[in-house]
$ cat entry.cif   # mmCIF, N, CA and C atoms
data_model
#
loop_
_atom_site.label_atom_id
_atom_site.label_comp_id
_atom_site.auth_asym_id
_atom_site.auth_seq_id
_atom_site.Cartn_x
_atom_site.Cartn_y
_atom_site.Cartn_z
N MET P 241 45.19 -21.19 50.73
CA MET P 241 44.06 -20.46 50.17
C MET P 241 43.84 -19.15 50.92
N ASN P 242 43.90 -19.20 52.25
CA ASN P 242 43.70 -17.98 53.03
C ASN P 242 44.78 -16.94 52.74
N ASP P 243 46.01 -17.41 52.52
CA ASP P 243 47.09 -16.48 52.18
C ASP P 243 46.82 -15.80 50.84
N THR P 244 46.31 -16.53 49.89
CA THR P 244 45.98 -15.99 48.57
C THR P 244 44.87 -14.95 48.69
N ILE P 245 43.84 -15.26 49.46
CA ILE P 245 42.74 -14.32 49.66
C ILE P 245 43.24 -13.06 50.34
N GLN P 246 44.08 -13.22 51.37
CA GLN P 246 44.63 -12.05 52.06
C GLN P 246 45.50 -11.22 51.12
N ALA P 247 46.30 -11.86 50.30
CA ALA P 247 47.14 -11.14 49.34
C ALA P 247 46.29 -10.36 48.35
N LEU P 248 45.20 -10.98 47.87
CA LEU P 248 44.30 -10.29 46.94
C LEU P 248 43.58 -9.13 47.63
N ASN P 249 43.18 -9.32 48.87
CA ASN P 249 42.56 -8.23 49.62
C ASN P 249 43.53 -7.07 49.79
N ASN P 250 44.78 -7.37 50.07
CA ASN P 250 45.79 -6.32 50.21
C ASN P 250 46.00 -5.57 48.91
N LYS P 251 46.03 -6.29 47.79
CA LYS P 251 46.18 -5.64 46.48
C LYS P 251 44.97 -4.77 46.18
N LEU P 252 43.78 -5.25 46.50
CA LEU P 252 42.57 -4.48 46.27
C LEU P 252 42.58 -3.21 47.11
N PHE P 253 42.98 -3.32 48.36
CA PHE P 253 43.07 -2.15 49.23
C PHE P 253 44.06 -1.14 48.66
N ASP P 254 45.22 -1.61 48.24
CA ASP P 254 46.23 -0.72 47.65
C ASP P 254 45.71 -0.05 46.38
N ALA P 255 45.00 -0.81 45.56
CA ALA P 255 44.48 -0.27 44.30
C ALA P 255 43.43 0.81 44.55
N ASN P 256 42.71 0.70 45.64
CA ASN P 256 41.64 1.65 45.94
C ASN P 256 42.05 2.71 46.96
N TYR P 257 43.33 2.76 47.27
CA TYR P 257 43.81 3.69 48.29
C TYR P 257 43.46 5.14 47.95
N PHE P 258 43.72 5.54 46.71
CA PHE P 258 43.45 6.91 46.28
C PHE P 258 42.06 7.02 45.67
N THR P 259 41.04 6.81 46.48
CA THR P 259 39.67 6.99 46.05
C THR P 259 38.90 7.69 47.16
N LEU P 260 37.89 8.42 46.78
CA LEU P 260 37.06 9.10 47.77
C LEU P 260 36.42 8.11 48.73
N ARG P 261 36.03 6.96 48.22
CA ARG P 261 35.37 5.96 49.07
C ARG P 261 36.28 5.47 50.20
N ASN P 262 37.58 5.58 50.04
CA ASN P 262 38.52 5.11 51.06
C ASN P 262 39.30 6.22 51.74
N ASN P 263 38.86 7.45 51.56
CA ASN P 263 39.58 8.59 52.12
C ASN P 263 38.71 9.26 53.18
N ASP P 264 38.94 8.89 54.43
CA ASP P 264 38.12 9.40 55.53
C ASP P 264 38.21 10.92 55.67
N GLN P 265 39.40 11.48 55.47
CA GLN P 265 39.55 12.93 55.62
C GLN P 265 38.75 13.67 54.55
N ALA P 266 38.79 13.18 53.31
CA ALA P 266 38.02 13.82 52.24
C ALA P 266 36.52 13.65 52.50
N GLN P 267 36.12 12.50 53.01
CA GLN P 267 34.71 12.29 53.34
C GLN P 267 34.27 13.23 54.46
N ASN P 268 35.14 13.44 55.44
CA ASN P 268 34.81 14.38 56.52
C ASN P 268 34.65 15.79 55.97
N TYR P 269 35.48 16.16 55.00
CA TYR P 269 35.37 17.47 54.37
C TYR P 269 34.01 17.62 53.69
N LEU P 270 33.51 16.54 53.15
CA LEU P 270 32.22 16.54 52.44
C LEU P 270 31.10 16.02 53.33
N GLU P 271 31.18 16.28 54.61
CA GLU P 271 30.24 15.70 55.57
C GLU P 271 28.77 16.01 55.28
N ASP P 272 28.50 17.07 54.55
CA ASP P 272 27.11 17.42 54.23
C ASP P 272 26.56 16.64 53.04
N TYR P 273 27.38 15.79 52.43
CA TYR P 273 26.98 15.08 51.22
C TYR P 273 27.12 13.58 51.40
N SER P 274 26.21 12.85 50.82
CA SER P 274 26.31 11.40 50.79
C SER P 274 27.29 11.02 49.68
N ILE P 275 28.37 10.36 50.05
CA ILE P 275 29.38 9.94 49.07
C ILE P 275 28.75 9.00 48.04
N GLU P 276 27.84 8.15 48.50
CA GLU P 276 27.20 7.18 47.60
C GLU P 276 26.27 7.85 46.59
N LYS P 277 25.87 9.08 46.85
CA LYS P 277 25.07 9.84 45.88
C LYS P 277 25.95 10.81 45.09
N LEU P 278 26.98 11.35 45.74
CA LEU P 278 27.83 12.33 45.09
C LEU P 278 28.66 11.74 43.96
N ILE P 279 29.28 10.60 44.20
CA ILE P 279 30.15 10.00 43.17
C ILE P 279 29.37 9.71 41.89
N PRO P 280 28.20 9.05 41.94
CA PRO P 280 27.45 8.84 40.70
C PRO P 280 27.01 10.15 40.04
N LYS P 281 26.73 11.18 40.84
CA LYS P 281 26.35 12.48 40.28
C LYS P 281 27.52 13.09 39.51
N ILE P 282 28.72 13.02 40.08
CA ILE P 282 29.91 13.52 39.40
C ILE P 282 30.12 12.76 38.10
N GLU P 283 30.06 11.45 38.18
CA GLU P 283 30.27 10.61 36.99
C GLU P 283 29.23 10.93 35.91
N ALA P 284 27.98 11.06 36.30
CA ALA P 284 26.91 11.34 35.33
C ALA P 284 27.11 12.71 34.68
N ASN P 285 27.49 13.72 35.49
CA ASN P 285 27.71 15.06 34.95
C ASN P 285 28.85 15.05 33.92
N LEU P 286 29.92 14.36 34.22
CA LEU P 286 31.04 14.30 33.28
C LEU P 286 30.69 13.51 32.02
N MET P 287 29.97 12.43 32.17
CA MET P 287 29.60 11.62 31.01
C MET P 287 28.60 12.34 30.10
N GLU P 288 27.72 13.16 30.69
CA GLU P 288 26.78 13.94 29.89
C GLU P 288 27.51 14.91 28.96
N LEU P 289 28.67 15.36 29.38
CA LEU P 289 29.45 16.28 28.55
C LEU P 289 29.96 15.60 27.28
N ASN P 290 29.96 14.26 27.26
CA ASN P 290 30.35 13.52 26.05
C ASN P 290 29.40 13.77 24.90
N ASP P 291 28.18 14.23 25.19
CA ASP P 291 27.18 14.47 24.14
C ASP P 291 27.49 15.69 23.29
N ASN P 292 28.40 16.52 23.73
CA ASN P 292 28.78 17.71 22.97
C ASN P 292 29.32 17.26 21.60
N PRO P 293 28.81 17.82 20.51
CA PRO P 293 29.25 17.40 19.17
C PRO P 293 30.74 17.62 18.92
N GLU P 294 31.35 18.54 19.65
CA GLU P 294 32.79 18.79 19.49
C GLU P 294 33.63 17.92 20.41
N GLY P 295 32.99 17.16 21.27
CA GLY P 295 33.69 16.32 22.23
C GLY P 295 33.53 16.87 23.64
N ASN P 296 33.98 16.09 24.59
CA ASN P 296 33.84 16.47 25.99
C ASN P 296 34.72 17.69 26.27
N PRO P 297 34.15 18.80 26.75
CA PRO P 297 34.94 20.01 26.99
C PRO P 297 35.97 19.86 28.12
N MET P 298 35.90 18.78 28.88
CA MET P 298 36.90 18.54 29.92
C MET P 298 38.14 17.86 29.35
N VAL P 299 38.11 17.60 28.06
CA VAL P 299 39.28 17.10 27.34
C VAL P 299 39.80 18.25 26.50
N GLU P 300 41.01 18.66 26.74
CA GLU P 300 41.57 19.86 26.10
C GLU P 300 41.80 19.72 24.60
N PHE P 301 41.72 18.54 24.09
CA PHE P 301 42.07 18.30 22.70
C PHE P 301 40.81 18.31 21.84
N GLY P 302 40.85 19.06 20.77
CA GLY P 302 39.73 19.10 19.85
C GLY P 302 39.68 17.82 19.03
N LYS P 303 38.75 17.80 18.12
CA LYS P 303 38.62 16.64 17.24
C LYS P 303 39.91 16.41 16.47
N ILE P 304 40.25 15.16 16.27
CA ILE P 304 41.37 14.77 15.42
C ILE P 304 40.82 13.79 14.39
N ASP P 305 41.07 14.08 13.11
CA ASP P 305 40.51 13.28 12.02
C ASP P 305 38.99 13.17 12.16
N ASP P 306 38.37 14.28 12.58
CA ASP P 306 36.93 14.40 12.74
C ASP P 306 36.36 13.44 13.79
N LYS P 307 37.22 12.97 14.71
CA LYS P 307 36.78 12.10 15.80
C LYS P 307 36.89 12.86 17.10
N LYS P 308 35.77 12.96 17.81
CA LYS P 308 35.76 13.71 19.06
C LYS P 308 36.27 12.85 20.22
N PHE P 309 36.83 13.53 21.21
CA PHE P 309 37.29 12.86 22.41
C PHE P 309 36.16 12.80 23.43
N ILE P 310 36.01 11.64 24.04
CA ILE P 310 35.03 11.47 25.10
C ILE P 310 35.69 10.81 26.30
N ILE P 311 35.12 11.06 27.45
CA ILE P 311 35.61 10.43 28.69
C ILE P 311 35.00 9.04 28.79
N ASN P 312 35.86 8.07 29.12
CA ASN P 312 35.44 6.68 29.22
C ASN P 312 35.32 6.19 30.66
N LYS P 313 36.27 6.57 31.49
CA LYS P 313 36.35 6.05 32.86
C LYS P 313 36.71 7.18 33.78
N ILE P 314 36.10 7.19 34.96
CA ILE P 314 36.28 8.27 35.93
C ILE P 314 36.57 7.66 37.30
N GLU P 315 37.50 8.28 38.00
CA GLU P 315 37.75 7.91 39.40
C GLU P 315 37.80 9.19 40.22
N VAL P 316 36.92 9.29 41.22
CA VAL P 316 36.93 10.44 42.12
C VAL P 316 37.97 10.14 43.20
N LEU P 317 39.03 10.93 43.21
CA LEU P 317 40.15 10.65 44.10
C LEU P 317 39.93 11.14 45.52
N ASN P 318 39.37 12.32 45.65
CA ASN P 318 39.14 12.88 46.99
C ASN P 318 38.06 13.96 46.90
N HIS P 319 38.06 14.89 47.83
CA HIS P 319 37.04 15.93 47.87
C HIS P 319 37.26 17.03 46.83
N ARG P 320 38.32 16.92 46.03
CA ARG P 320 38.63 17.98 45.08
C ARG P 320 39.09 17.49 43.71
N TRP P 321 39.65 16.29 43.60
CA TRP P 321 40.26 15.84 42.34
C TRP P 321 39.60 14.61 41.76
N ILE P 322 39.63 14.58 40.43
CA ILE P 322 39.12 13.46 39.65
C ILE P 322 40.17 13.13 38.60
N ILE P 323 40.37 11.86 38.33
CA ILE P 323 41.18 11.46 37.18
C ILE P 323 40.25 10.74 36.21
N ALA P 324 40.43 11.01 34.93
CA ALA P 324 39.56 10.39 33.92
C ALA P 324 40.39 9.96 32.73
N ASP P 325 39.94 8.88 32.13
CA ASP P 325 40.52 8.34 30.90
C ASP P 325 39.64 8.80 29.75
N PHE P 326 40.27 9.18 28.64
CA PHE P 326 39.49 9.61 27.47
C PHE P 326 40.10 9.06 26.19
N SER P 327 39.28 9.04 25.14
CA SER P 327 39.77 8.59 23.84
C SER P 327 38.87 9.12 22.73
N ASN P 328 39.39 9.00 21.51
CA ASN P 328 38.56 9.28 20.34
C ASN P 328 38.46 8.03 19.46
N GLY P 329 38.81 6.90 20.02
CA GLY P 329 38.79 5.64 19.29
C GLY P 329 40.14 5.26 18.74
N ASP P 330 40.99 6.25 18.48
CA ASP P 330 42.35 6.00 17.97
C ASP P 330 43.41 6.42 18.98
N LEU P 331 43.17 7.52 19.66
CA LEU P 331 44.12 8.07 20.62
C LEU P 331 43.52 8.05 22.02
N TRP P 332 44.39 7.90 23.00
CA TRP P 332 43.97 7.79 24.39
C TRP P 332 44.74 8.79 25.24
N GLY P 333 44.14 9.18 26.34
CA GLY P 333 44.81 10.07 27.26
C GLY P 333 44.14 10.06 28.62
N GLU P 334 44.66 10.90 29.48
CA GLU P 334 44.12 11.05 30.82
C GLU P 334 44.07 12.52 31.18
N VAL P 335 43.11 12.87 32.02
CA VAL P 335 42.96 14.25 32.45
C VAL P 335 42.75 14.26 33.97
N LEU P 336 43.40 15.21 34.62
CA LEU P 336 43.21 15.45 36.04
C LEU P 336 42.32 16.67 36.17
N LEU P 337 41.19 16.50 36.84
CA LEU P 337 40.20 17.56 36.98
C LEU P 337 40.05 17.97 38.43
N GLN P 338 39.66 19.20 38.61
CA GLN P 338 39.28 19.69 39.92
C GLN P 338 37.77 19.89 39.88
N TYR P 339 37.10 19.57 40.97
CA TYR P 339 35.65 19.79 40.98
C TYR P 339 35.25 20.58 42.22
N PHE P 340 34.16 21.31 42.05
CA PHE P 340 33.63 22.14 43.11
C PHE P 340 32.13 21.90 43.20
N ILE P 341 31.63 21.83 44.41
CA ILE P 341 30.20 21.71 44.65
C ILE P 341 29.70 23.09 45.04
N GLU P 342 28.81 23.62 44.24
CA GLU P 342 28.28 24.96 44.47
C GLU P 342 27.18 24.93 45.54
N GLU P 343 26.79 26.10 46.01
CA GLU P 343 25.77 26.19 47.06
C GLU P 343 24.46 25.54 46.64
N ASP P 344 24.14 25.61 45.34
CA ASP P 344 22.90 24.99 44.86
C ASP P 344 23.10 23.50 44.54
N GLU P 345 24.25 22.97 44.94
CA GLU P 345 24.65 21.57 44.77
C GLU P 345 24.95 21.20 43.32
N SER P 346 25.05 22.19 42.44
CA SER P 346 25.52 21.92 41.08
C SER P 346 27.03 21.71 41.15
N LEU P 347 27.57 21.15 40.09
CA LEU P 347 29.00 20.85 40.04
C LEU P 347 29.69 21.69 38.99
N ASN P 348 30.89 22.13 39.29
CA ASN P 348 31.75 22.81 38.33
C ASN P 348 33.05 22.03 38.24
N PHE P 349 33.58 21.95 37.03
CA PHE P 349 34.82 21.22 36.79
C PHE P 349 35.85 22.15 36.19
N LYS P 350 37.11 21.90 36.52
CA LYS P 350 38.22 22.67 35.97
C LYS P 350 39.34 21.69 35.62
N ILE P 351 39.90 21.87 34.43
CA ILE P 351 41.01 21.02 34.01
C ILE P 351 42.28 21.47 34.74
N ILE P 352 42.94 20.53 35.38
CA ILE P 352 44.24 20.82 35.99
C ILE P 352 45.34 20.54 34.97
N GLN P 353 45.33 19.34 34.43
CA GLN P 353 46.31 18.97 33.41
C GLN P 353 45.85 17.70 32.71
N SER P 354 46.29 17.56 31.47
CA SER P 354 45.94 16.34 30.72
C SER P 354 47.13 15.90 29.88
N THR P 355 47.06 14.67 29.46
CA THR P 355 48.10 14.12 28.60
C THR P 355 47.45 13.27 27.53
N LEU P 356 48.01 13.33 26.34
CA LEU P 356 47.55 12.52 25.22
C LEU P 356 48.70 11.61 24.82
N TYR P 357 48.46 10.33 24.84
CA TYR P 357 49.52 9.38 24.51
C TYR P 357 49.72 9.30 23.00
N PRO P 358 50.97 9.08 22.56
CA PRO P 358 51.20 8.96 21.12
C PRO P 358 50.54 7.70 20.56
N LYS P 359 50.15 7.79 19.32
CA LYS P 359 49.52 6.64 18.66
C LYS P 359 50.55 5.53 18.51
N GLN P 360 50.12 4.33 18.82
CA GLN P 360 51.06 3.19 18.76
C GLN P 360 50.83 2.37 17.52
#
$ encode --input "entry.cif" --output "structure tokens"
Amino acid sequence: MNDTIQALNNKLFDANYFTLRNNDQAQNYLEDYSIEKLIPKIEANLMELNDNPEGNPMVEFGKIDDKKFIINKIEVLNHRWIIADFSNGDLWGEVLLQYFIEEDESLNFKIIQSTLYPKQ
């Protein structure tokens, strides 16, 4: 049983390796910010963009068959990058974003690259 628990803990650690919560260097870079407040703020800002009638502007793809793309899942990787999953209900993709914290503590996002998977 202990071996199984240790194996699961190791898998969990590996799965969370590329996250801001587990990246001490990125956290040190953001020393002026509480990670536990920043991550939800980033997530909320990106999810609010889903309200745009044309779809989330952080998804490079416009509406397809009159269905807008929205971001579903977000992972803050470090002090600069975010990966997000998006869909329009029929098609799915991922986007790599860069984020910046401005002096007034507002957030700015920039698309680095995205991919849209073919319909299966």
$ atom_distance --input "entry.cif" --atom1 "atom N of Leu286 (chain P)" --atom2 "CA of Ser274 (chain P)"
17.2 Å
$ residues_near_point --input "entry.cif" --point "(36.9, 15.4, 43.8)" --cutoff "9 Å" --atoms "only C-alpha atoms" --output "VMD selection string"
chain P and resid 260 266 279 282 315 to 323 337 to 340
$ residues_around --input "entry.cif" --residues "Glu334 (chain P)" --least-positions-apart "2" --cutoff "6 Å" --atoms "all atoms listed in the file" --output "count of residues only"
9
$ select_by_dssp --input "entry.cif" --residues "chain P" --states "strand (DSSP E)" --output "count of residues only"
34
$ atom_distance --input "entry.cif" --atom1 "CA of Glu276 (chain P)" --atom2 "CA of Phe349 (chain P)"
19.3 Å
$ atom_distance --input "entry.cif" --atom1 "CA of Lys281 (chain P)" --atom2 "atom N of Pro297 (chain P)"
16.8 Å
$ closest_residue --input "entry.cif" --among "P:Ile351, P:Phe258, P:Ile275, P:Lys308" --to "Pro293 (chain P)" --atoms "only N, CA and C atoms"
P:Lys308
$ closest_residue --input "entry.cif" --among "P:Glu283, P:Asp306, P:Asp264, P:Glu294" --to "Asp330 (chain P)" --atoms "only C-alpha atoms"
P:Asp306
$ residues_around --input "entry.cif" --residues "Ser327 (chain P)" --least-positions-apart "4" --cutoff "6 Å" --atoms "only N, CA and C atoms" --output "list in words"
Lys308, Phe309, Ile310, Ile311, Asn312, Leu331, Trp332 and Gly333 of chain P
$ axis_aligned_box --input "entry.cif" --around "region 300-308 of chain P" --padding-each-side "8 Å" --output "lines of an AutoDock Vina configuration file"
center_x = 38.9
center_y = 16.0
center_z = 19.4
size_x = 22.3
size_y = 23.8
size_z = 30.7
